[in-house]
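Text of input.txt (compact mmCIF, C-alpha atoms) as supplied:
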```txt
# COMPACT_ATOMS: atom_id res chain seq x y z
CA MET A 168 42.91 -27.70 -16.36
CA LYS A 169 44.57 -26.38 -13.28
CA VAL A 170 42.28 -25.50 -10.34
CA THR A 171 43.61 -22.58 -8.41
CA TYR A 172 42.69 -21.46 -4.92
CA ARG A 173 40.89 -18.41 -6.32
CA LYS A 174 38.74 -20.48 -8.67
CA ALA A 175 37.77 -22.86 -5.89
CA LEU A 176 36.91 -19.94 -3.61
CA ALA A 177 34.81 -18.31 -6.35
CA VAL A 178 32.90 -21.57 -6.93
CA PHE A 179 32.33 -21.97 -3.17
CA ILE A 180 31.03 -18.39 -2.81
CA GLY A 181 28.79 -18.91 -5.85
CA LEU A 182 27.30 -22.04 -4.33
CA VAL A 183 26.70 -20.30 -1.00
CA LEU A 184 24.95 -17.45 -2.79
CA LEU A 185 22.89 -19.88 -4.85
CA LEU A 186 21.89 -22.09 -1.90
CA PHE A 187 21.28 -19.50 0.84
CA VAL A 188 21.10 -15.91 -0.32
CA VAL A 189 18.86 -16.31 -3.38
CA PRO A 190 16.14 -18.31 -1.56
CA SER A 191 16.27 -15.83 1.32
CA LEU A 192 15.76 -12.92 -1.07
CA ILE A 193 12.85 -14.71 -2.75
CA ASN A 194 11.27 -15.35 0.67
CA LEU A 195 11.82 -11.73 1.69
CA MET A 196 10.07 -10.55 -1.48
CA ARG A 197 7.14 -12.89 -0.71
CA LEU A 198 6.92 -11.53 2.84
CA ALA A 199 7.04 -7.93 1.60
CA LYS A 200 4.08 -8.63 -0.69
CA GLU A 201 2.18 -10.32 2.15
CA TYR A 202 2.92 -7.38 4.46
CA GLN A 203 1.72 -4.90 1.83
CA GLU A 204 -1.56 -6.81 1.41
CA GLY A 205 -2.14 -6.53 5.15
CA PRO A 206 -4.08 -8.80 7.52
CA SER A 207 -7.45 -10.22 6.53
CA VAL A 208 -10.63 -10.94 8.44
CA GLN A 209 -11.00 -14.33 6.75
CA ALA A 210 -7.45 -15.32 7.72
CA ALA A 211 -8.22 -14.30 11.31
CA LEU A 212 -11.40 -16.42 11.28
CA ASP A 213 -9.43 -19.36 9.85
CA SER A 214 -6.60 -18.98 12.39
CA ASN A 215 -6.11 -21.38 15.29
CA SER A 216 -7.05 -18.61 17.74
CA VAL A 217 -10.61 -18.64 16.39
CA GLY A 218 -10.84 -22.00 14.63
CA TYR A 219 -10.36 -24.13 17.77
CA ASP A 220 -13.46 -22.61 19.38
CA ARG A 221 -15.89 -24.36 17.05
CA PRO A 222 -14.97 -28.00 17.81
CA LEU A 223 -14.04 -27.35 21.46
CA TYR A 224 -16.77 -24.93 22.57
CA GLY A 225 -19.33 -24.92 19.74
CA LEU A 226 -18.73 -21.22 19.07
CA THR A 227 -18.68 -19.47 15.70
CA TYR A 228 -17.96 -15.78 15.26
CA LYS A 229 -18.77 -12.79 13.07
CA LEU A 230 -16.83 -9.54 12.80
CA GLU A 231 -18.23 -6.74 14.92
CA TYR A 232 -15.63 -4.05 14.14
CA GLU A 233 -11.94 -3.43 13.45
CA ASP A 234 -9.55 -0.96 15.11
CA LYS A 235 -5.88 -0.48 16.06
CA ASP A 236 -4.16 -1.19 19.38
CA ALA A 237 -1.64 1.12 21.11
CA GLU A 238 1.21 -0.32 19.01
CA GLY A 239 -0.66 0.26 15.75
CA ASN A 240 -1.53 -3.40 15.17
CA THR A 241 -4.88 -4.21 13.57
CA GLN A 242 -7.41 -5.71 16.00
CA TYR A 243 -10.50 -7.60 14.91
CA HIS A 244 -13.37 -7.69 17.39
CA PHE A 245 -15.58 -10.74 16.90
CA ILE A 246 -18.77 -11.81 18.67
CA SER A 247 -20.20 -15.32 18.83
CA THR A 248 -23.13 -15.87 16.47
CA ARG A 249 -25.53 -18.29 18.18
CA GLY A 250 -26.69 -16.13 21.08
CA GLU A 251 -23.82 -16.82 23.48
CA ASN A 252 -22.57 -13.20 23.31
CA VAL A 253 -18.95 -14.26 23.82
CA PRO A 254 -16.43 -11.68 22.50
CA LYS A 255 -13.07 -12.51 20.95
CA VAL A 256 -10.38 -9.95 20.09
CA ILE A 257 -7.68 -10.98 17.61
CA VAL A 258 -4.51 -8.89 17.21
CA CYS A 259 -2.68 -9.13 13.89
CA LYS A 260 1.10 -8.98 14.12
CA PHE A 261 3.64 -9.49 11.37
CA LEU A 262 6.81 -11.57 11.79
CA TRP A 263 9.59 -10.99 9.29
CA PHE A 264 11.53 -14.06 10.45
CA ASP A 265 10.51 -17.49 11.72
CA GLU A 266 10.43 -17.76 15.51
CA TRP A 267 11.75 -20.94 17.06
CA SER A 268 10.88 -22.20 20.52
CA PHE A 269 12.65 -24.98 22.37
CA VAL A 270 10.61 -25.08 25.60
CA MET A 271 9.65 -28.76 25.53
CA LEU A 272 9.76 -29.76 21.89
CA PRO A 273 11.12 -27.58 19.12
CA SER A 274 8.39 -25.60 17.40
CA CYS A 275 8.45 -22.97 14.70
CA THR A 276 6.14 -20.02 14.16
CA PRO A 277 6.48 -19.15 10.48
CA ALA A 278 7.12 -15.63 9.27
CA GLY A 279 4.04 -13.74 8.07
CA TRP A 280 0.82 -12.53 9.65
CA GLN A 281 0.09 -13.97 13.08
CA TYR A 282 -3.41 -13.81 14.56
CA ILE A 283 -3.25 -13.83 18.35
CA GLU A 284 -6.14 -13.79 20.85
CA ASN A 285 -5.93 -10.70 23.03
CA ASN A 286 -8.78 -11.11 25.54
CA GLU A 287 -8.52 -14.57 27.09
CA ASN A 288 -9.81 -13.49 30.53
CA GLU A 289 -12.74 -11.51 29.13
CA TRP A 290 -13.58 -14.40 26.80
CA GLU A 291 -13.59 -16.93 29.66
CA LYS A 292 -15.76 -14.72 31.90
CA ALA A 293 -18.30 -14.23 29.10
CA TYR A 294 -18.31 -17.96 28.29
CA ILE A 295 -18.94 -18.90 31.94
CA LYS A 296 -21.61 -16.20 32.24
CA TRP A 297 -23.38 -17.69 29.20
CA ILE A 298 -23.20 -21.23 30.66
CA LYS A 299 -24.81 -19.98 33.89
CA SER A 300 -27.47 -17.95 32.06
CA PRO A 301 -30.97 -19.13 31.12
CA ASN A 302 -29.85 -18.87 27.46
CA TYR A 303 -27.51 -21.86 27.83
CA ASP A 304 -28.72 -24.43 25.31
CA GLY A 305 -27.37 -27.57 27.00
CA ARG A 306 -24.63 -28.31 24.46
CA LYS A 307 -21.71 -30.47 25.50
CA LEU A 308 -19.02 -28.56 27.39
CA PRO A 309 -15.31 -29.23 27.80
CA PRO A 310 -14.54 -30.87 31.17
CA GLU A 311 -13.09 -27.72 32.75
CA TYR A 312 -16.40 -25.84 32.19
CA GLN A 313 -18.88 -28.57 33.13
CA LYS A 314 -18.89 -27.42 36.77
CA TYR A 315 -20.59 -24.17 35.67
CA ALA A 316 -23.49 -25.89 33.90
CA PRO A 317 -26.85 -25.77 35.67
CA LYS A 318 -27.62 -28.95 37.55
CA LYS A 319 -30.49 -31.04 36.24
CA PRO A 320 -33.24 -31.44 38.84
CA GLN A 321 -33.28 -34.93 40.30
CA GLU A 322 -36.42 -36.92 39.74
CA GLU A 323 -38.40 -37.56 42.89
CA PRO A 324 -40.07 -40.94 43.42
CA SER A 325 -43.67 -41.11 42.27
CA SER A 326 -46.45 -40.85 44.83
CA ASN A 327 -47.30 -44.56 44.36
CA ASP A 328 -43.80 -45.64 45.34
CA THR A 329 -43.37 -44.71 49.00
CA SER A 330 -40.87 -47.37 49.98
CA GLY A 331 -38.09 -46.20 47.70
CA VAL A 332 -37.56 -49.84 46.71
CA PRO A 333 -38.36 -50.96 43.16
CA SER A 334 -41.37 -53.25 42.94
CA ASN A 335 -41.26 -56.78 41.53
CA ASN A 336 -44.45 -56.50 39.53
CA SER A 337 -42.75 -57.46 36.30
CA VAL A 338 -43.41 -60.91 34.91
CA SER A 339 -40.46 -62.87 33.61
CA SER A 340 -40.70 -65.89 31.39
```
Rewritten as structure tokens:
Amino acid sequence: MKVTYRKALAVFIGLVLLLFVVPSLINLMRLAKEYQEGPSVQAALDSNSVGYDRPLYGLTYKLEYEDKDAEGNTQYHFISTRGENVPKVIVCKFLWFDEWSFVMLPSCTPAGWQYIENNENEWEKAYIKWIKSPNYDGRKLPPEYQKYAPKKPQEEPSSNDTSGVPSNNSVSS
């Protein structure tokens, strides 16, 4: 069997289509379905933007309401659930293609719905306000927020101990 240039080119083009174009079309169809389904509150709660707050700050959230921003993106407005009154706004944006970043180490943001915090400054002010309030429950804080915690009153020496030096009244055997 004689292999001609045209046959080799046809086989090469077929392989390229099979290896690159078909998977891309399948992925595009998956993304179109995901886009049609729209963002979800549960996915926003499970996202890193919200999920990191529980182990780091001890905060959990519930949905207060949903609206749209100026660009037409869905926004979920959450409020913390254990009396802290700390708001969190998550904007839902859709990426049709993966986004790569090469700032320090290569990283990839996959295509699909992205849940991005939109009120970092407001969140931090509310969190600090809660720490300074009488409602603060004394839970462990990340190091950068410990300076806002109320100081524990220092114990004063008892009225029997006027010298400030510990007594040696203990018996050792």
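Using only C-alpha atoms, the shortest contact distance between Tyr228 in chain A and any of A:Ser214, A:Gln313, A:Thr241, A:Ser247 is found at A:Ser247.
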Min atom-atom distance to Tyr232 in chain A from the set A:Gly181, A:Pro254, A:Gly218, A:Gly305, counting all atoms listed in the file, belongs to A:Pro254
Mind listing as a PDB file with C-alpha atoms, in the coordinates of the input all residues within 10 Å of (-9.3, -6.0, 14.4), counting all atoms listed in the file?
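For reference, result.pdb as written:
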```pdb
ATOM      1  CA  PRO A 206      -4.080  -8.800   7.520  1.00  0.00           C
ATOM      2  CA  SER A 207      -7.450 -10.220   6.530  1.00  0.00           C
ATOM      3  CA  VAL A 208     -10.630 -10.940   8.440  1.00  0.00           C
ATOM      4  CA  ALA A 211      -8.220 -14.300  11.310  1.00  0.00           C
ATOM      5  CA  LEU A 230     -16.830  -9.540  12.800  1.00  0.00           C
ATOM      6  CA  GLU A 231     -18.230  -6.740  14.920  1.00  0.00           C
ATOM      7  CA  TYR A 232     -15.630  -4.050  14.140  1.00  0.00           C
ATOM      8  CA  GLU A 233     -11.940  -3.430  13.450  1.00  0.00           C
ATOM      9  CA  ASP A 234      -9.550  -0.960  15.110  1.00  0.00           C
ATOM     10  CA  LYS A 235      -5.880  -0.480  16.060  1.00  0.00           C
ATOM     11  CA  ASP A 236      -4.160  -1.190  19.380  1.00  0.00           C
ATOM     12  CA  ASN A 240      -1.530  -3.400  15.170  1.00  0.00           C
ATOM     13  CA  THR A 241      -4.880  -4.210  13.570  1.00  0.00           C
ATOM     14  CA  GLN A 242      -7.410  -5.710  16.000  1.00  0.00           C
ATOM     15  CA  TYR A 243     -10.500  -7.600  14.910  1.00  0.00           C
ATOM     16  CA  HIS A 244     -13.370  -7.690  17.390  1.00  0.00           C
ATOM     17  CA  PHE A 245     -15.580 -10.740  16.900  1.00  0.00           C
ATOM     18  CA  LYS A 255     -13.070 -12.510  20.950  1.00  0.00           C
ATOM     19  CA  VAL A 256     -10.380  -9.950  20.090  1.00  0.00           C
ATOM     20  CA  ILE A 257      -7.680 -10.980  17.610  1.00  0.00           C
ATOM     21  CA  VAL A 258      -4.510  -8.890  17.210  1.00  0.00           C
ATOM     22  CA  CYS A 259      -2.680  -9.130  13.890  1.00  0.00           C
ATOM     23  CA  TYR A 282      -3.410 -13.810  14.560  1.00  0.00           C
TER      24      TYR A 282
END
```
Correct to one decimal, the distance CA of Ala278 in chain A-CA of Lys229 in chain A is 26.3 Å
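CA of Trp263 in chain A lies 7.0 Å from CA of Leu198 in chain A.
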